[in-house]
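One file, structure-v5.txt, is given below (compact mmCIF, C-alpha atoms and all ligand atoms).
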# COMPACT_ATOMS: atom_id res chain seq x y z
CA MET X 1 104.74 153.19 106.66
CA ASP X 2 106.12 150.41 104.46
CA MET X 3 109.89 150.98 104.55
CA ASN X 4 110.49 148.47 101.72
CA ARG X 5 108.78 150.85 99.32
CA HIS X 6 111.26 153.62 100.08
CA GLU X 7 114.26 153.89 97.84
CA PHE X 8 117.48 155.25 99.34
CA GLU X 9 119.65 156.42 96.49
CA LEU X 10 123.13 155.60 97.83
CA ASP X 11 124.94 155.08 94.49
CA ASP X 12 126.12 158.69 93.98
CA LEU X 13 127.32 158.84 97.58
CA ILE X 14 129.31 155.61 97.25
CA GLU X 15 130.88 156.85 94.02
CA ARG X 16 131.84 160.19 95.61
CA ILE X 17 133.41 158.47 98.62
CA LYS X 18 135.44 156.22 96.30
CA ASP X 19 136.49 159.09 94.01
CA ASN X 20 137.64 161.21 96.95
CA ASP X 21 139.02 158.25 98.90
CA ASN X 22 137.17 159.57 101.99
CA ARG X 23 138.05 157.74 105.19
CA LEU X 24 135.54 159.19 107.66
CA VAL X 25 131.99 160.11 106.62
CA ALA X 26 129.12 161.37 108.77
CA LEU X 27 125.66 160.07 107.91
CA GLN X 28 122.72 162.29 108.87
CA VAL X 29 119.28 160.72 108.72
CA PRO X 30 115.86 162.25 109.50
CA GLU X 31 114.00 161.01 112.55
CA GLY X 32 111.52 158.84 110.60
CA LEU X 33 114.34 156.84 108.96
CA LYS X 34 116.67 156.38 111.95
CA MET X 35 115.57 152.74 112.38
CA GLN X 36 117.15 152.02 108.98
CA ALA X 37 120.36 153.95 109.69
CA LEU X 38 122.50 150.99 110.78
CA GLU X 39 121.53 149.06 107.67
CA MET X 40 122.60 152.03 105.52
CA MET X 41 125.90 152.35 107.41
CA ASP X 42 126.59 148.66 106.68
CA ALA X 43 125.74 149.14 103.00
CA ILE X 44 128.14 152.09 102.63
CA GLU X 45 130.96 150.46 104.60
CA GLU X 46 130.66 147.26 102.52
CA GLU X 47 131.03 149.19 99.26
CA THR X 48 133.80 151.61 100.30
CA SER X 49 136.80 151.77 102.58
CA ALA X 50 135.27 154.64 104.58
CA ARG X 51 134.13 154.40 108.18
CA ILE X 52 130.69 155.86 108.81
CA ILE X 53 129.68 157.85 111.88
CA LEU X 54 125.97 158.33 112.43
CA ALA X 55 125.17 161.93 113.43
CA ALA X 56 122.65 160.69 115.95
CA ASP X 57 121.28 164.03 117.20
CA PRO X 58 117.70 164.82 116.15
CA CYS X 59 117.45 166.09 112.57
CA TYR X 60 114.29 167.61 111.11
CA GLY X 61 115.50 169.34 107.96
CA ALA X 62 118.38 170.43 105.75
CA CYS X 63 118.47 173.55 107.94
CA ASP X 64 120.15 171.27 110.45
CA LEU X 65 123.23 170.14 108.50
CA VAL X 66 126.16 168.64 110.34
CA HIS X 67 128.66 171.46 110.47
CA ASP X 68 132.16 172.19 111.71
CA LYS X 69 131.82 170.21 114.97
CA MET X 70 132.31 167.00 113.03
CA GLN X 71 135.20 168.48 111.08
CA ARG X 72 137.05 168.61 114.39
CA MET X 73 136.34 164.88 114.70
CA GLY X 74 138.07 164.32 111.36
CA VAL X 75 134.92 163.86 109.26
CA GLU X 76 135.67 164.68 105.59
CA LEU X 77 132.21 164.37 104.06
CA VAL X 78 128.61 164.64 105.29
CA ALA X 79 125.95 162.41 103.74
CA HIS X 80 122.59 164.04 104.44
CA MET X 81 119.57 161.89 103.73
CA GLY X 82 115.95 162.69 102.97
CA HIS X 83 116.15 166.48 102.54
CA SER X 84 117.34 168.66 99.70
CA GLN X 85 119.99 171.34 99.49
CA MET X 86 119.00 174.81 100.68
CA ASN X 87 120.64 178.21 100.39
CA ILE X 88 123.06 177.71 103.26
CA ASP X 89 126.72 176.87 103.66
CA SER X 90 127.42 174.52 106.54
CA GLY X 91 131.18 174.74 105.93
CA MET X 92 131.36 170.97 105.22
CA PRO X 93 131.33 169.10 101.87
CA THR X 94 127.84 167.55 101.80
CA GLU X 95 126.20 164.94 99.59
CA PHE X 96 122.39 165.00 99.65
CA ILE X 97 120.81 161.58 99.31
CA ASN X 98 117.36 161.33 97.78
CA VAL X 99 114.75 159.14 99.40
CA THR X 100 111.70 158.39 97.30
CA TYR X 101 108.51 156.50 98.02
CA ASP X 102 106.84 154.56 95.24
CA GLY X 103 103.21 154.81 96.49
CA ASP X 104 101.01 156.55 93.90
CA PRO X 105 97.41 156.50 95.13
CA ALA X 106 94.41 157.07 92.85
CA ILE X 107 93.14 160.66 92.69
CA ASP X 108 89.44 159.71 92.81
CA PRO X 109 88.97 160.17 96.60
CA VAL X 110 90.34 163.71 96.49
CA LEU X 111 88.39 164.95 93.43
CA PRO X 112 85.18 165.96 95.31
CA ILE X 113 87.25 168.01 97.79
CA LEU X 114 89.16 169.68 94.94
CA SER X 115 85.93 170.53 93.12
CA ALA X 116 84.50 172.17 96.25
CA HIS X 117 87.75 174.11 96.79
CA ARG X 118 87.82 175.24 93.16
CA GLU X 119 84.38 176.77 93.69
CA ILE X 120 85.62 178.69 96.73
CA ALA X 121 88.63 179.89 94.74
CA GLN X 122 86.52 180.93 91.74
CA LYS X 123 84.14 182.84 94.02
CA ARG X 124 87.04 184.64 95.66
CA LEU X 125 88.50 185.39 92.26
CA SER X 126 85.31 186.89 90.86
CA GLU X 127 84.90 189.00 94.02
CA SER X 128 88.52 190.04 93.68
CA LEU X 129 87.97 191.15 90.08
CA ASN X 130 84.96 193.31 91.13
CA GLU X 131 87.02 194.94 93.86
CA SER X 132 87.03 198.40 92.26
CA GLU X 133 83.22 198.64 92.51
CA MET X 134 83.15 198.10 96.27
CA SER X 135 83.83 200.24 99.27
CA GLU X 136 86.96 199.30 101.23
CA GLU X 137 84.76 197.96 104.03
CA GLU X 138 82.77 195.72 101.69
CA ALA X 139 85.96 194.44 100.14
CA GLN X 140 87.45 193.61 103.56
CA GLU X 141 84.28 191.69 104.45
CA ARG X 142 84.20 189.65 101.29
CA PHE X 143 87.79 188.76 100.48
CA MET X 144 88.94 187.53 103.82
CA ASP X 145 90.90 184.33 103.35
CA ALA X 146 91.44 181.66 105.98
CA VAL X 147 93.93 183.80 107.86
CA GLY X 148 91.98 187.03 107.72
CA ARG X 149 93.77 188.79 104.89
CA VAL X 150 92.40 190.51 101.82
CA SER X 151 93.37 188.05 99.07
CA PRO X 152 94.50 189.58 95.80
CA LEU X 153 93.70 186.60 93.51
CA ARG X 154 94.42 186.69 89.77
CA GLY X 155 93.52 183.05 89.10
CA ALA X 156 91.85 179.98 90.61
CA LYS X 157 94.35 177.33 89.52
CA LEU X 158 95.09 174.22 91.54
CA GLY X 159 98.58 174.44 93.06
CA LEU X 160 100.13 170.97 93.28
CA VAL X 161 102.78 170.54 95.96
CA GLY X 162 104.27 167.69 97.94
CA SER X 163 106.82 166.61 100.48
CA ILE X 164 110.19 165.65 99.09
CA GLN X 165 109.85 161.84 98.96
CA HIS X 166 106.83 162.14 96.65
CA LEU X 167 108.01 164.90 94.31
CA HIS X 168 109.22 162.45 91.63
CA LEU X 169 105.50 161.80 91.00
CA ILE X 170 104.41 165.43 90.86
CA PHE X 171 104.26 165.88 87.06
CA ASP X 172 102.55 162.53 86.65
CA TYR X 173 99.87 163.74 89.10
CA LYS X 174 99.69 167.05 87.26
CA GLU X 175 98.68 165.17 84.09
CA ARG X 176 96.16 163.02 85.96
CA LEU X 177 94.53 166.09 87.53
CA GLU X 178 94.48 167.92 84.20
CA SER X 179 92.75 164.90 82.66
CA ALA X 180 90.18 165.22 85.45
CA GLY X 181 89.50 168.82 84.32
CA PHE X 182 91.67 170.91 86.65
CA GLU X 183 93.99 173.68 85.60
CA VAL X 184 97.14 172.79 87.51
CA GLU X 185 100.28 174.73 88.42
CA VAL X 186 103.32 173.16 90.05
CA PRO X 187 104.76 176.14 91.94
CA VAL X 188 108.47 176.89 91.79
CA GLY X 189 109.78 178.53 94.95
CA GLY X 190 112.87 180.46 96.01
CA ALA X 191 116.45 179.52 96.83
CA ARG X 192 115.59 177.55 99.97
CA LEU X 193 113.78 174.99 97.78
CA SER X 194 115.39 172.66 95.21
CA PHE X 195 112.48 171.13 93.28
CA PRO X 196 109.25 172.25 91.58
CA GLY X 197 106.30 171.62 93.87
CA GLN X 198 108.50 171.45 96.97
CA VAL X 199 107.32 172.96 100.24
CA LEU X 200 109.04 173.11 103.63
CA GLY X 201 107.49 173.70 107.03
CA CYS X 202 109.04 177.19 106.92
CA ASN X 203 108.88 178.05 103.21
CA TYR X 204 106.00 178.20 100.74
CA SER X 205 107.60 180.72 98.41
CA GLY X 206 106.17 179.14 95.24
CA ASP X 207 102.72 180.51 96.08
CA SER X 208 101.32 182.98 93.55
CA ASP X 209 98.13 184.98 92.96
CA ASP X 210 97.26 182.63 90.08
CA ILE X 211 96.78 179.76 92.51
CA GLY X 212 93.39 179.63 94.22
CA HIS X 213 93.61 176.33 96.06
CA TYR X 214 96.09 173.51 96.78
CA LEU X 215 96.60 169.77 96.73
CA PHE X 216 99.35 168.46 99.00
CA LEU X 217 100.82 165.06 98.16
CA GLY X 218 102.21 163.72 101.40
CA SER X 219 101.30 162.56 104.88
CA GLY X 220 100.68 164.36 108.16
CA ASP X 221 99.47 167.90 108.72
CA PHE X 222 102.80 169.67 109.32
CA HIS X 223 103.20 171.08 105.80
CA PRO X 224 99.44 171.58 105.22
CA ILE X 225 99.07 173.70 108.37
CA GLY X 226 101.99 175.92 107.34
CA LEU X 227 100.75 176.23 103.78
CA VAL X 228 97.27 177.38 104.84
CA LEU X 229 98.68 179.73 107.49
CA HIS X 230 100.96 181.20 104.82
CA THR X 231 98.52 181.42 101.90
CA GLY X 232 95.04 181.40 103.47
CA LYS X 233 93.90 179.15 100.60
CA PRO X 234 91.82 175.93 100.76
CA LEU X 235 93.97 172.81 100.82
CA ALA X 236 93.28 169.13 100.13
CA MET X 237 95.63 166.32 101.08
CA LEU X 238 96.29 162.99 99.35
CA ASP X 239 98.34 160.58 101.43
CA PRO X 240 100.57 158.28 99.33
CA TYR X 241 101.01 155.89 102.28
CA THR X 242 97.31 155.23 102.86
CA GLY X 243 95.60 156.50 99.70
CA GLY X 244 93.33 158.58 101.97
CA ALA X 245 92.11 162.07 101.06
CA GLU X 246 90.99 164.86 103.37
CA GLU X 247 91.06 168.64 103.66
CA MET X 248 92.76 170.97 106.08
CA SER X 249 89.68 172.43 107.68
CA PHE X 250 89.36 176.16 108.19
CA GLN X 251 88.11 175.36 111.73
CA ARG X 252 91.48 173.81 112.50
CA ILE X 253 93.28 176.91 111.21
CA GLU X 254 90.89 179.14 113.15
CA GLY X 255 91.70 177.15 116.30
CA ILE X 256 95.43 177.75 115.76
CA LEU X 257 94.83 181.46 115.14
CA ARG X 258 92.72 181.72 118.31
CA GLN X 259 95.56 180.15 120.27
CA ARG X 260 98.08 182.55 118.69
CA PHE X 261 95.87 185.54 119.51
CA GLY X 262 95.50 184.32 123.11
CA LEU X 263 99.30 184.19 123.44
CA ILE X 264 99.64 187.69 121.98
CA MET X 265 97.07 189.04 124.44
CA SER X 266 98.83 187.33 127.34
CA CYS X 267 102.00 189.29 126.51
CA ASP X 268 100.32 192.67 126.67
CA GLN X 269 101.99 193.57 129.98
CA ALA X 270 105.14 191.49 129.45
CA LYS X 271 108.26 193.55 130.19
CA THR X 272 111.09 191.09 129.61
CA PHE X 273 111.57 188.70 126.69
CA GLY X 274 114.08 185.98 125.84
CA ILE X 275 114.91 186.22 122.12
CA LEU X 276 115.87 182.78 120.81
CA ILE X 277 118.51 182.54 118.08
CA GLY X 278 118.89 179.11 116.42
CA GLU X 279 122.50 177.98 115.98
CA LYS X 280 121.65 175.48 113.22
CA PRO X 281 123.04 176.77 109.89
CA GLY X 282 119.64 177.04 108.18
CA GLN X 283 117.78 178.50 111.16
CA MET X 284 120.18 181.21 112.23
CA ARG X 285 118.46 184.61 111.94
CA ARG X 286 120.73 186.84 113.96
CA ASN X 287 119.68 190.05 112.22
CA LEU X 288 116.01 189.35 112.86
CA ALA X 289 116.79 188.65 116.53
CA LEU X 290 118.74 191.93 116.82
CA ARG X 291 115.86 193.77 115.15
CA MET X 292 113.44 192.31 117.73
CA LYS X 293 115.76 193.45 120.53
CA ARG X 294 115.83 196.99 119.13
CA LYS X 295 112.06 197.01 118.79
CA LEU X 296 111.61 195.91 122.40
CA GLU X 297 113.99 198.65 123.56
CA LYS X 298 112.13 201.23 121.51
CA HIS X 299 108.92 200.24 123.30
CA GLY X 300 110.53 200.38 126.74
CA ARG X 301 110.78 196.61 127.16
CA LYS X 302 113.81 194.38 127.57
CA GLY X 303 115.07 191.58 125.32
CA TYR X 304 117.80 189.05 126.13
CA LEU X 305 119.46 187.23 123.21
CA LEU X 306 119.72 183.48 123.83
CA ALA X 307 121.52 181.26 121.29
CA LEU X 308 120.69 177.54 121.20
CA GLU X 309 121.33 174.58 118.90
CA HIS X 310 118.14 172.83 120.04
CA VAL X 311 115.13 174.64 121.50
CA GLY X 312 113.12 172.88 124.21
CA PRO X 313 111.14 173.80 127.35
CA GLU X 314 113.76 172.29 129.66
CA LEU X 315 116.37 174.63 128.13
CA ILE X 316 114.50 177.92 128.48
CA ASP X 317 111.51 177.71 130.86
CA PHE X 318 113.58 178.62 133.92
CA TYR X 319 114.85 182.01 132.68
CA PRO X 320 113.27 184.85 134.68
CA VAL X 321 111.61 186.54 131.69
CA ASP X 322 107.90 187.04 130.98
CA ALA X 323 107.86 185.54 127.46
CA PHE X 324 110.00 184.35 124.55
CA VAL X 325 110.32 185.33 120.89
CA ASN X 326 111.60 182.61 118.62
CA THR X 327 113.76 183.36 115.58
CA ALA X 328 114.93 179.72 115.14
CA CYS X 329 112.68 177.21 113.30
CA PRO X 330 109.34 179.05 112.91
CA ARG X 331 107.38 175.90 113.62
CA ILE X 332 108.61 175.65 117.22
CA ALA X 333 106.36 178.55 118.24
CA ILE X 334 103.39 177.46 116.10
CA ASP X 335 103.37 173.71 116.75
CA ASP X 336 104.96 173.30 120.18
CA SER X 337 103.96 176.35 122.20
CA VAL X 338 101.75 174.31 124.59
CA ARG X 339 104.89 172.54 125.81
CA TYR X 340 106.33 175.78 127.18
CA ALA X 341 105.49 177.33 130.53
CA LYS X 342 105.64 180.89 129.14
CA PRO X 343 104.29 182.40 125.91
CA LEU X 344 106.46 181.64 122.88
CA LEU X 345 105.82 184.11 120.05
CA THR X 346 106.90 184.50 116.44
CA PRO X 347 108.54 187.82 115.44
CA PHE X 348 105.32 188.97 113.71
CA GLU X 349 103.33 188.20 116.86
CA LEU X 350 105.76 190.26 118.95
CA GLU X 351 105.22 193.16 116.56
CA VAL X 352 101.47 192.82 117.15
CA VAL X 353 102.06 192.87 120.93
CA LEU X 354 104.07 196.08 120.51
CA GLY X 355 101.45 197.67 118.26
CA ASP X 356 103.79 197.86 115.22
CA LYS X 357 101.62 195.37 113.25
CA LYS X 358 97.87 194.87 113.29
CA TRP X 359 96.22 191.51 113.94
CA GLU X 360 93.17 192.79 112.01
CA SER X 361 95.20 193.02 108.79
CA GLY X 362 95.61 189.24 108.76
CA TYR X 363 98.05 186.70 110.15
CA LYS X 364 101.58 186.74 108.75
CA PHE X 365 103.31 183.37 108.75
CA ASP X 366 106.95 183.45 109.86
CA GLU X 367 108.72 182.29 106.69
CA ILE X 368 112.47 181.75 106.32
CA PRO X 369 113.25 182.85 102.74
S1 LIG X 401 110.46 173.99 109.17
FE1 LIG X 401 112.05 174.15 110.70
S2 LIG X 401 113.02 172.11 110.70
FE2 LIG X 401 111.85 172.31 108.77
S3 LIG X 401 113.34 173.11 107.29
FE3 LIG X 401 112.26 174.86 108.17
S4 LIG X 401 113.58 175.56 109.87
FE4 LIG X 401 114.19 173.46 109.33
As a first step, turn the structure in this file into structure tokens.
Amino acid sequence: MDMNRHEFELDDLIERIKDNDNRLVALQVPEGLKMQALEMMDAIEEETSARIILAADPCYGACDLVHDKMQRMGVELVAHMGHSQMNIDSGMPTEFINVTYDGDPAIDPVLPILSAHREIAQKRLSESLNESEMSEEEAQERFMDAVGRVSPLRGAKLGLVGSIQHLHLIFDYKERLESAGFEVEVPVGGARLSFPGQVLGCNYSGDSDDIGHYLFLGSGDFHPIGLVLHTGKPLAMLDPYTGGAEEMSFQRIEGILRQRFGLIMSCDQAKTFGILIGEKPGQMRRNLALRMKRKLEKHGRKGYLLALEHVGPELIDFYPVDAFVNTACPRIAIDDSVRYAKPLLTPFELEVVLGDKKWESGYKFDEIP
């Protein structure tokens, strides 16, 4: 990753610090940008009379805002970099700092993948429109999407999404793709998202029945995996850092689903569960955790509520329970479960274990709205 091509937009922050005459400011930087943190602290201290404290704990999203702990340290303002505002109140005045990347790769390498995906989407759509002429069994057979659900499609548009540092290019890419013959929609999601085309590892709420397939502008497979698990739709990826194009293969998704099903099966006889509640402001789902506890009780099993700021194997493996249910960041169970000695389930997966939900009706991604 070429850090010189990233732009850190510090001007608004510097102005706010000066206007408010802030003396102590906490800077929160995502993991991938921590190497640049000291440079940024210098830049802010040179321009203002504030002292900057780096909130050096791991930070993976705006769900993880510095909250009242730093208020007790005397911090007056939090500068949170690289993520956008979500529908949470951390209790601290917070300035969100945009980070953008100027790489804008050509779309040519991804066009063949998009054409193939459009065909899949159009086939699903036409089958979906003929639904009334089929028996329920036939329909189930034919409309299964990548996660085993019956897909109610109303369109086969290309949904164009990206990770936050590339979203400034999204409407430019929309035009390029339209010129290449695609009908493109930039989805607008719910209150957890700030920008058109934005997706988070735990939120793909812009998805609609008009969208038949996706292009993700960004790097890595974290968002693509979540998007396919959530929507069941074909997805291509264009990486602004390398210019490379590839698809999220259905085999990969099938592999993840097989692993999830294995974990569900392994909990069949489990009697005691640790129910994890995330303490981070944007991960805290107390009501969901309490609902899981009630469900366990109803089915004659036992649930213990465990609240944590960070979730890790060293912090939970030793508890004498048979398995865990995670209500903190949904991706901990999906992406990291191999690191844990005991099964780590999502709330939906627990409901399948208990027989309240059916695996056969399709996988339900654990989304935080
Ligand atoms: S995926 Fe997890 S870390 Fe990322 S925003 Fe959602 S809750 Fe936070």
**Message:** At a cut-off of 10 Å around ligand LIG 401 (chain X), and using all atoms listed in the file, what residues come up? Please write them as a count of residues only.
**Reply:** 35
**Request:** Can you pull out every residue within 12 Å of X:Gln165, counting only C-alpha atoms, but drop anything in the same chain fewer than 4 positions away, and send it as a PyMOL selection string?
**Result:** chain X and resi 5-9+81-84+97-104+161+169-170+195+197-199+217-219+239-241
**Atom pair atom CA of X:Gly362 / atom CA of X:Met292: separation (Å)** = 20.2 Å
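Computed from the coordinates, the atom CA of X:Ile316 to atom CA of X:Asp336 distance equals 13.5 Å.
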**Request:** Could you jot down the atom CA of X:Pro187 to atom CA of X:Glu95 separation for me, Å, one decimal place?
**Result:**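 About the pair atom CA of X:Pro187 and atom CA of X:Glu95: they are 25.4 Å apart.
Distances here use only C-alpha atoms; by that measure, the residue among X:Pro105, X:Gly91, X:Pro196, X:Gly181 closest to X:Gly243 is X:Pro105.
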**Prompt:** Between X:Arg260, X:His299, X:Arg16, X:Arg72, which has the minimum distance to X:Thr346 (counting all atoms listed in the file)?
**Reply:**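 Nearest candidate to X:Thr346 out of X:Arg260, X:His299, X:Arg16, X:Arg72: X:Arg260.
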**Request:** Using only C-alpha atoms, determine which residues lie at most 6 Å from stretch 151-158 of chain X, disregarding the query and same-chain residues fewer than 3 positions distant; provide the list as a ChimeraX atom specification.
**Result:** /X:121-122,125,143,183-184,209-214
